[in-house]
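Let me begin by presenting the structure, written as structure tokens, before commenting on it.
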Amino acid sequence: MRMLIWTPLNAAELQKAMHSGNAGPAALVPVQSGTVLLPPAATKLNEAAYMTNRVRKIGNGAALAVWNDDAALLYLFTTTLGRASMWGTREAVLRLSEQAKQSGPAGRLFDRSTAGLINLREREGWQADAIDKLTALYPAASRKGALERIRDFHAAEGAIPEFFRAAGLPEVAKVAELTEQGRADFVLETLEPPTTQKWPLALIFPLIVVTALVTVLLNASMVVYYLIAGLLLVLTAGLMVSLRRRLVRGKPVNTVLPVIPVTQGAVPTD
């Protein structure tokens, strides 16, 4: 499975804004139409979507592509909610979604219970809205070519490169193809997936229970208990934010957001 994010903002500005805004980690590939970002291999779909939304705010729009040999997903973000286009059979799309989300049993059950949403890709209004978002992202995009590729939703093989090429973004298509070949794997393997450390959550329940016991033993007011419990929640949230910031902002910019000319097969810049 592969992922990429494209935004019309140039790599230099994007790298600086992402580092200061604690967005990433990802490898940045400069292209003529902006920048392609390659998230680490173990990145979950929800984390990739979060990163894409952060990039959208920085670069005034972004697209997230996720694909494997049997299916493809493309989310175009011009607002907080992205418009999804899908290629492949329903079963293949569901398998890709489960793989990208790294879903457990409950997640797989939810996906399959809402599988009917995949049929939205057949509606002309849904397709047209995707093209409107594409042209909002990239005004020079070919509406006709991109729309034809969206409508050919049963043909999953090569869907992502072909969509970008049909849209008039051949460099993005080339990066997608080279990514499939593993051209950037040597860099992506060095990046830590953008997962939030959740171990502080495991401390909350025991601490609240201990606080309740102490409150009862000391015959303290329930107001004191609620104040302490609220303070514990705030401190835990602050700790999780602090741990998250260490992923990007607390590290050298070229370590967590390296710029790599994948189209040339070169090594990362210093």
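Going by the structure tokens order, chains are called A, B, ..., each with residues numbered from 1, while ligands are numbered from 1 in the order shown.
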Please identify all polymer residues within 12 Å of Pro258 of chain A, counting only C-alpha atoms, omitting same-chain residues fewer than 6 positions from it, and present them as a PyMOL selection string.
chain A and resi 11-12+14-16+18-19+24-30+36-40+184+186-188+190-191+248+251-252+267-270
Per-residue nearest contacts segment 101-186 of chain A to segment 64-86 of chain A, cut-off 9 Å, using only C-alpha atoms, as CSV:
residue,atom,partner,partner_atom,distance
A:Ile118,CA,A:Met86,CA,7.5
A:Arg121,CA,A:Ser85,CA,6.3
A:Trp126,CA,A:Arg83,CA,8.3
A:Gln127,CA,A:Ser85,CA,7.7
A:Asp129,CA,A:Arg83,CA,7.6
A:Ala130,CA,A:Arg83,CA,6.0
A:Lys133,CA,A:Thr78,CA,6.3
A:Leu134,CA,A:Leu76,CA,6.7
A:Ala136,CA,A:Thr78,CA,7.3
A:Leu137,CA,A:Thr78,CA,6.9
A:Ile150,CA,A:Ser85,CA,6.8
A:Phe153,CA,A:Met86,CA,6.4
A:His154,CA,A:Met86,CA,8.7
A:Ala155,CA,A:Ala71,CA,8.4
A:Ala156,CA,A:Ala71,CA,5.0
A:Glu157,CA,A:Asp69,CA,6.2
A:Gly158,CA,A:Asp69,CA,8.0
A:Ala159,CA,A:Ala72,CA,6.6
A:Ile160,CA,A:Ala72,CA,6.9
A:Glu180,CA,A:Asn68,CA,8.8
Quick one: residues within 10 Å of Leu147 of chain A, only C-alpha atoms counted, chain neighbours fewer than 2 positions away excluded, as a list in words?
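Those residues are Glu124, Gln127, Ala128, Ala130, Ile131, Ser142, Arg143, Lys144, Gly145, Arg149, Ile150, Arg151, Asp152, Phe163, Ala166 and Ala167 of chain A.
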One decimal, in Å: what's the spacing between atom CA of Leu235 of chain A and atom CA of Thr215 of chain A?
19.4 Å
DSSP says helix (DSSP H, G or I) for which residues of segment 41-117 of chain A? Put them as a count of residues only?
39
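Of the listed residues A:Ser20, A:Thr114, A:Thr135, A:Thr255, the one whose atoms come nearest to Gly168 of chain A is A:Thr135, with distances taken using only C-alpha atoms.
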Calculate how many Å separate atom CA of Ala141 of chain A from atom CA of Gly59 of chain A, rounding to one decimal.
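Between these atoms lies a distance of 17.0 Å.
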Just how far from atom CA of Ile5 of chain A is atom CA of Ala62 of chain A, in Å to one decimal?
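Those two atoms sit 6.8 Å apart.
Of the residues under consideration (A:Gly230, A:Pro105, A:Pro193, A:Gly116), A:Gly230 shows the shortest atom-to-atom contact distance to Thr211 of chain A when counting only C-alpha atoms.
Using only C-alpha atoms, the nearest neighbour of Ile260 of chain A within the list A:Val31, A:Ala41, A:Ala17, A:Leu213 is A:Val31.
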Kindly indicate which residue among A:Arg249, A:Glu148, A:Ala176, A:Val224 lies nearest to Asn22 of chain A, using only C-alpha atoms for the distances.
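Of A:Arg249, A:Glu148, A:Ala176, A:Val224, the one nearest Asn22 of chain A is A:Arg249, counting only C-alpha atoms.
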